[in-house]
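Quick look at coords_34.csv (CSV, C-alpha atoms):
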chain,number,residue,atom,x,y,z
Y,49,MET,CA,14.4,79.6,-158.7
Y,50,LYS,CA,14.0,79.7,-162.5
Y,51,GLU,CA,14.9,83.4,-162.6
Y,52,PHE,CA,17.9,82.7,-160.4
Y,53,TYR,CA,19.3,80.1,-162.7
Y,54,ASN,CA,18.5,82.2,-165.8
Y,55,ASN,CA,20.6,85.0,-164.3
Y,56,LEU,CA,23.5,82.6,-163.9
Y,57,GLN,CA,23.0,81.5,-167.5
Y,58,ARG,CA,22.4,77.9,-166.3
Y,59,LEU,CA,19.8,75.5,-167.6
Y,60,LEU,CA,17.2,74.3,-165.1
Y,61,PHE,CA,15.0,71.4,-166.1
Y,62,PRO,CA,13.1,68.6,-164.4
Y,63,LEU,CA,14.4,65.1,-163.8
Y,64,PHE,CA,11.5,62.6,-163.6
Y,65,ARG,CA,12.1,58.9,-163.5
Y,66,PRO,CA,9.2,56.9,-164.9
Y,67,PHE,CA,11.1,53.6,-165.0
Y,68,GLY,CA,13.7,52.9,-162.3
Y,69,HIS,CA,13.9,54.7,-159.0
Y,70,LEU,CA,10.1,54.9,-158.9
Y,71,GLU,CA,10.0,54.1,-155.2
Y,72,PHE,CA,7.8,57.2,-154.3
Y,73,VAL,CA,5.0,55.6,-156.4
Y,74,LEU,CA,5.6,51.9,-156.1
Y,75,LYS,CA,5.9,51.9,-152.3
Y,76,LEU,CA,2.2,52.7,-152.2
Y,77,GLU,CA,-0.1,49.7,-151.7
Y,78,ARG,CA,-2.3,50.7,-154.7
Y,79,PHE,CA,0.6,50.4,-157.1
Y,80,VAL,CA,2.5,47.3,-155.7
Y,81,HIS,CA,1.1,45.1,-158.4
Y,82,LEU,CA,2.9,47.3,-161.0
Y,83,ARG,CA,6.4,46.5,-159.6
Y,84,GLU,CA,8.9,44.5,-161.7
Y,85,LEU,CA,9.8,42.6,-158.6
Y,86,PRO,CA,7.1,42.1,-155.9
Y,87,ASN,CA,9.4,42.7,-153.0
Y,88,SER,CA,11.1,45.8,-154.5
Y,89,PRO,CA,9.6,49.2,-155.3
Y,90,LEU,CA,12.7,50.2,-157.4
Y,91,SER,CA,11.2,49.8,-160.9
Y,92,ILE,CA,8.0,49.4,-162.7
Y,93,SER,CA,7.2,46.5,-165.1
Y,94,PRO,CA,6.6,48.1,-168.5
Y,95,THR,CA,4.3,45.4,-169.8
Y,96,THR,CA,0.7,46.5,-169.0
Y,97,GLU,CA,-1.7,49.1,-170.1
Y,98,GLU,CA,-2.2,50.2,-166.5
Y,99,ALA,CA,1.5,50.8,-166.0
Y,100,TYR,CA,1.5,53.1,-169.0
Y,101,ARG,CA,-1.6,54.9,-167.9
Y,102,VAL,CA,0.2,55.7,-164.6
Y,103,ILE,CA,3.4,56.7,-166.4
Y,104,PHE,CA,1.7,58.8,-169.0
Y,105,THR,CA,-0.4,60.6,-166.4
Y,106,MET,CA,2.7,61.5,-164.4
Y,107,LEU,CA,4.6,62.6,-167.5
Y,108,GLU,CA,1.7,64.9,-168.4
Y,109,GLN,CA,1.7,66.4,-164.9
Y,110,VAL,CA,5.4,67.1,-165.2
Y,111,LEU,CA,5.0,68.8,-168.6
Y,112,ALA,CA,2.1,70.9,-167.3
Y,113,THR,CA,4.2,72.1,-164.4
Y,114,HIS,CA,7.3,72.9,-166.4
Y,115,VAL,CA,5.6,74.6,-169.4
Y,116,ASP,CA,8.7,76.7,-170.2
Y,117,SER,CA,11.3,73.9,-170.0
Y,118,LYS,CA,12.9,72.8,-173.3
Y,119,TYR,CA,14.5,69.8,-171.7
Y,120,LEU,CA,13.1,66.8,-169.7
Y,121,HIS,CA,15.3,64.2,-168.1
Y,122,LEU,CA,13.6,60.8,-168.0
Y,123,GLY,CA,16.2,59.0,-165.9
Y,124,CYS,CA,15.8,55.3,-167.1
Y,125,ASP,CA,18.9,54.3,-165.1
Y,126,GLU,CA,19.8,51.2,-163.0
Y,127,VAL,CA,16.8,49.1,-164.1
Y,128,TYR,CA,18.8,46.0,-163.1
Y,129,GLY,CA,15.8,43.8,-162.3
Y,130,LEU,CA,14.2,44.2,-165.7
Y,131,GLY,CA,13.2,40.8,-167.1
Y,132,THR,CA,13.7,38.9,-163.8
Y,133,GLY,CA,10.2,39.6,-162.5
Y,134,ARG,CA,6.8,40.3,-164.0
Y,135,SER,CA,8.2,41.2,-167.4
Y,136,GLY,CA,9.9,37.8,-167.8
Y,137,HIS,CA,6.7,36.2,-169.2
Y,138,TYR,CA,6.0,39.1,-171.5
Y,139,MET,CA,9.5,38.9,-172.9
Y,140,LYS,CA,9.2,35.2,-173.7
Y,141,GLU,CA,5.8,35.7,-175.2
Y,142,HIS,CA,7.0,38.5,-177.5
Y,143,GLY,CA,10.5,37.1,-178.3
Y,144,LEU,CA,12.3,40.0,-176.6
Y,145,ASP,CA,15.4,40.1,-174.5
Y,146,LYS,CA,16.1,42.6,-171.7
Y,147,GLU,CA,17.7,45.1,-174.0
Y,148,ASP,CA,14.8,44.9,-176.5
Y,149,LEU,CA,12.3,45.6,-173.7
Y,150,TYR,CA,14.3,48.4,-172.3
Y,151,LEU,CA,14.6,50.2,-175.6
Y,152,LYS,CA,10.9,49.6,-176.4
Y,153,HIS,CA,9.8,51.2,-173.2
Y,154,VAL,CA,12.1,54.2,-173.5
Y,155,VAL,CA,11.0,54.8,-177.1
Y,156,LYS,CA,7.3,54.5,-176.2
Y,157,MET,CA,7.6,57.0,-173.4
Y,158,ALA,CA,9.6,59.4,-175.6
Y,159,LYS,CA,7.0,59.2,-178.4
Y,160,HIS,CA,4.2,60.0,-175.9
Y,161,VAL,CA,6.1,63.1,-174.7
Y,162,ARG,CA,6.8,64.2,-178.2
Y,163,SER,CA,3.1,63.8,-179.1
Y,164,LEU,CA,2.4,66.4,-176.4
Y,165,ARG,CA,5.5,68.7,-176.7
Y,166,SER,CA,7.5,68.3,-179.8
Y,167,ASP,CA,9.8,71.1,-178.7
Y,168,VAL,CA,11.2,69.2,-175.7
Y,169,THR,CA,14.6,67.5,-175.8
Y,170,LEU,CA,14.5,64.3,-173.9
Y,171,ILE,CA,17.6,63.0,-171.9
Y,172,ILE,CA,18.2,59.7,-170.2
Y,173,TRP,CA,21.1,58.3,-168.1
Y,174,ASP,CA,23.3,56.2,-170.2
Y,175,ASP,CA,24.3,53.2,-168.0
Y,176,MET,CA,21.7,50.8,-169.5
Y,177,LEU,CA,22.9,51.7,-173.0
Y,178,ARG,CA,26.6,51.1,-172.5
Y,179,HIS,CA,26.6,47.4,-173.3
Y,180,ILE,CA,23.9,47.5,-176.0
Y,181,ALA,CA,25.3,47.0,-179.5
Y,182,GLU,CA,25.4,50.0,-181.8
Y,183,SER,CA,23.2,48.2,-184.4
Y,184,LYS,CA,20.5,47.4,-181.9
Y,185,LEU,CA,20.5,51.0,-180.7
Y,186,ARG,CA,20.1,52.3,-184.3
Y,187,ASP,CA,17.4,49.8,-185.2
Y,188,SER,CA,15.3,50.7,-182.1
Y,189,GLY,CA,15.0,54.3,-183.2
Y,190,ILE,CA,16.1,55.6,-179.8
Y,191,GLY,CA,18.7,57.8,-181.4
Y,192,GLU,CA,15.9,60.0,-182.8
Y,193,MET,CA,14.0,60.2,-179.6
Y,194,VAL,CA,16.5,60.9,-176.7
Y,195,GLU,CA,20.0,62.1,-175.9
Y,196,PRO,CA,22.2,60.1,-173.5
Y,197,MET,CA,23.8,61.6,-170.4
Y,198,ILE,CA,27.0,59.8,-169.6
Y,199,TRP,CA,27.5,59.7,-165.9
Y,200,THR,CA,29.8,58.5,-163.2
Y,201,TYR,CA,30.2,59.9,-159.7
Y,202,VAL,CA,33.5,58.3,-158.7
Y,203,PRO,CA,36.9,60.0,-158.5
Y,204,ASN,CA,38.3,57.8,-161.3
Y,205,LEU,CA,36.1,58.0,-164.4
Y,206,GLY,CA,37.3,54.6,-165.6
Y,207,GLY,CA,35.5,53.2,-168.6
Y,208,VAL,CA,33.0,56.0,-169.2
Y,209,LYS,CA,35.7,58.1,-170.8
Y,210,ALA,CA,36.8,55.4,-173.2
Y,211,PRO,CA,36.6,56.3,-176.9
Y,212,ALA,CA,34.5,53.2,-177.7
Y,213,ILE,CA,31.5,54.5,-175.7
Y,214,TRP,CA,31.6,58.0,-177.1
Y,215,THR,CA,32.2,57.0,-180.7
Y,216,LYS,CA,29.3,54.5,-180.4
Y,217,TYR,CA,27.0,57.2,-179.1
Y,218,GLY,CA,28.3,59.6,-181.7
Y,219,LYS,CA,27.0,57.2,-184.4
Y,220,VAL,CA,23.6,56.8,-182.9
Y,221,PHE,CA,22.7,60.0,-181.2
Y,222,LYS,CA,22.7,63.6,-182.3
Y,223,ARG,CA,24.3,64.8,-179.0
Y,224,ALA,CA,25.6,63.4,-175.8
Y,225,TRP,CA,25.9,65.0,-172.3
Y,226,ALA,CA,28.3,64.4,-169.5
Y,227,ALA,CA,27.3,64.6,-165.8
Y,228,SER,CA,29.4,64.9,-162.6
Y,229,SER,CA,28.0,65.0,-159.1
Y,230,PHE,CA,28.2,67.6,-156.4
Y,231,LYS,CA,26.4,65.8,-153.7
Y,232,GLY,CA,25.1,62.4,-152.6
Y,233,ALA,CA,26.0,59.4,-150.6
Y,234,THR,CA,29.0,57.2,-151.3
Y,235,GLY,CA,27.4,54.1,-149.7
Y,236,PRO,CA,24.0,52.8,-148.5
Y,237,ALA,CA,24.7,53.6,-144.9
Y,238,GLN,CA,26.3,57.1,-145.5
Y,239,TYR,CA,25.1,59.9,-143.1
Y,240,ILE,CA,27.6,62.6,-144.1
Y,241,THR,CA,28.5,63.6,-147.6
Y,242,GLU,CA,32.2,63.2,-148.3
Y,243,ALA,CA,32.9,66.5,-150.1
Y,244,ALA,CA,36.4,65.6,-151.3
Y,245,TYR,CA,35.1,62.5,-153.1
Y,246,HIS,CA,32.8,64.7,-155.3
Y,247,ILE,CA,35.4,67.3,-155.8
Y,248,LYS,CA,37.7,64.7,-157.2
Y,249,ASN,CA,34.9,63.6,-159.5
Y,250,HIS,CA,34.5,67.1,-160.8
Y,251,ILE,CA,38.3,67.5,-161.4
Y,252,SER,CA,38.4,64.2,-163.3
Y,253,TRP,CA,35.6,65.2,-165.6
Y,254,ASP,CA,37.1,68.6,-166.2
Y,255,ARG,CA,40.4,67.0,-167.2
Y,256,ALA,CA,38.7,64.5,-169.4
Y,257,PHE,CA,36.3,66.8,-171.1
Y,258,GLU,CA,38.4,68.2,-173.9
Y,259,GLU,CA,39.6,64.8,-174.8
Y,260,ILE,CA,36.1,63.4,-174.8
Y,261,CYS,CA,34.9,66.2,-177.1
Y,262,ARG,CA,37.5,65.3,-179.6
Y,263,TRP,CA,36.2,61.7,-179.7
Y,264,TYR,CA,32.5,62.8,-179.9
Y,265,LYS,CA,32.2,64.6,-183.3
Y,266,SER,CA,33.2,68.1,-182.4
Y,267,ASN,CA,33.2,70.5,-179.5
Y,268,SER,CA,29.8,71.8,-180.5
Y,269,SER,CA,28.3,68.4,-179.8
Y,270,CYS,CA,29.5,68.3,-176.2
Y,271,GLN,CA,27.8,70.0,-173.3
Y,272,ARG,CA,28.8,69.8,-169.6
Y,273,HIS,CA,26.4,70.0,-166.8
Y,274,CYS,CA,26.5,69.2,-163.1
Y,275,ILE,CA,23.7,67.1,-161.6
As structure tokens, the full file:
Amino acid sequence: MKEFYNNLQRLLFPLFRPFGHLEFVLKLERFVHLRELPNSPLSISPTTEEAYRVIFTMLEQVLATHVDSKYLHLGCDEVYGLGTGRSGHYMKEHGLDKEDLYLKHVVKMAKHVRSLRSDVTLIIWDDMLRHIAESKLRDSGIGEMVEPMIWTYVPNLGGVKAPAIWTKYGKVFKRAWAASSFKGATGPAQYITEAAYHIKNHISWDRAFEEICRWYKSNSSCQRHCI
């Protein structure tokens, strides 16, 4: 598969989510106590040494499997329950809010990966960053550790193409990515992929891309990839 993508001059790199969308781990009985919310396997509570032992072990396995990859996508999206479950007490004890804890966790994971592979560029989905103040992003140091991938999979891009988001990211991060979608469900009970829905998403991104690049520093700072 790697050779196939190389021949097409396309990047192929792993997406591993060690924060949200961790159902494949947290659904198991032995890891239930690491959940943010006891009744949901969606996300891990990033507040214990055991949680980090599990996360770091999985990250090390991914790096060992993809030894040639210069990029690693860490996900970190849709962690909506953060601070409402097991991490709530930790946040109070340490004087943190939800944004602080999110940034702290992402930076800690990124530092661990960098300690093992300094040549790997780390990427995260941007949805949890959109409403965090520019000053807080800068102060956290996240801009030196990861690159945001701005995503939306709907036909009308809406707010994600607004100059405010891209200019904010341009002041914090060295580079930003944009992601469209070629597959996936459009609802929780979807059985058949609605192809036209995703085609419209591609077209919307394509039309917006040149304008977005003008907002975000320069064309050399923009890259377009389909997820």
Residues near Y:Val168, cut-off 7 Å, all atoms listed in the file, skip fewer than 5 positions along chain, as a PyMOL selection string
chain Y and resi 118-120
Please compute the atom CA of Y:Gly191-atom CA of Y:Tyr217 distance, one decimal, in Å.
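That distance, rounded to one decimal, is 8.6 Å.
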Which polymer residues, whether protein, DNA or RNA, lie within 8 Å of the coordinate (11.0, 57.6, -182.2) when you count all atoms listed in the file? List them as a ChimeraX atom specification, using the chain letters and numbers from the file.
/Y:155-156,158-159,189-193
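For the residues Y:Gly235, Y:Pro86, Y:Ser93, Y:Glu195, ranking by smallest atom-to-atom distance to Y:Gly218 using all atoms listed in the file places Y:Glu195 first.
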Tell me which of Y:Asp116, Y:Gln238, Y:Leu205, Y:Asp175 sits closest to Y:Asp254, counting all atoms listed in the file.
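With all atoms listed in the file as the atom set, the closest residue is Y:Leu205.
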Write out as a ChimeraX atom specification each polymer residue whose atoms come within 10 Å of stretch 58-67 of chain Y, counting all atoms listed in the file; drop sequence neighbours fewer than 2 positions from it.
/Y:49-56,69-71,73,84,90-94,99-100,102-104,106-107,110-111,113-114,116-127,130,150,153-154,157,171-172,273,275
Give me, please, the distance in Å between atom CA of Y:Leu170 and atom CA of Y:Val194, quoted to one decimal.
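Computing it gives 4.8 Å between the two atoms.
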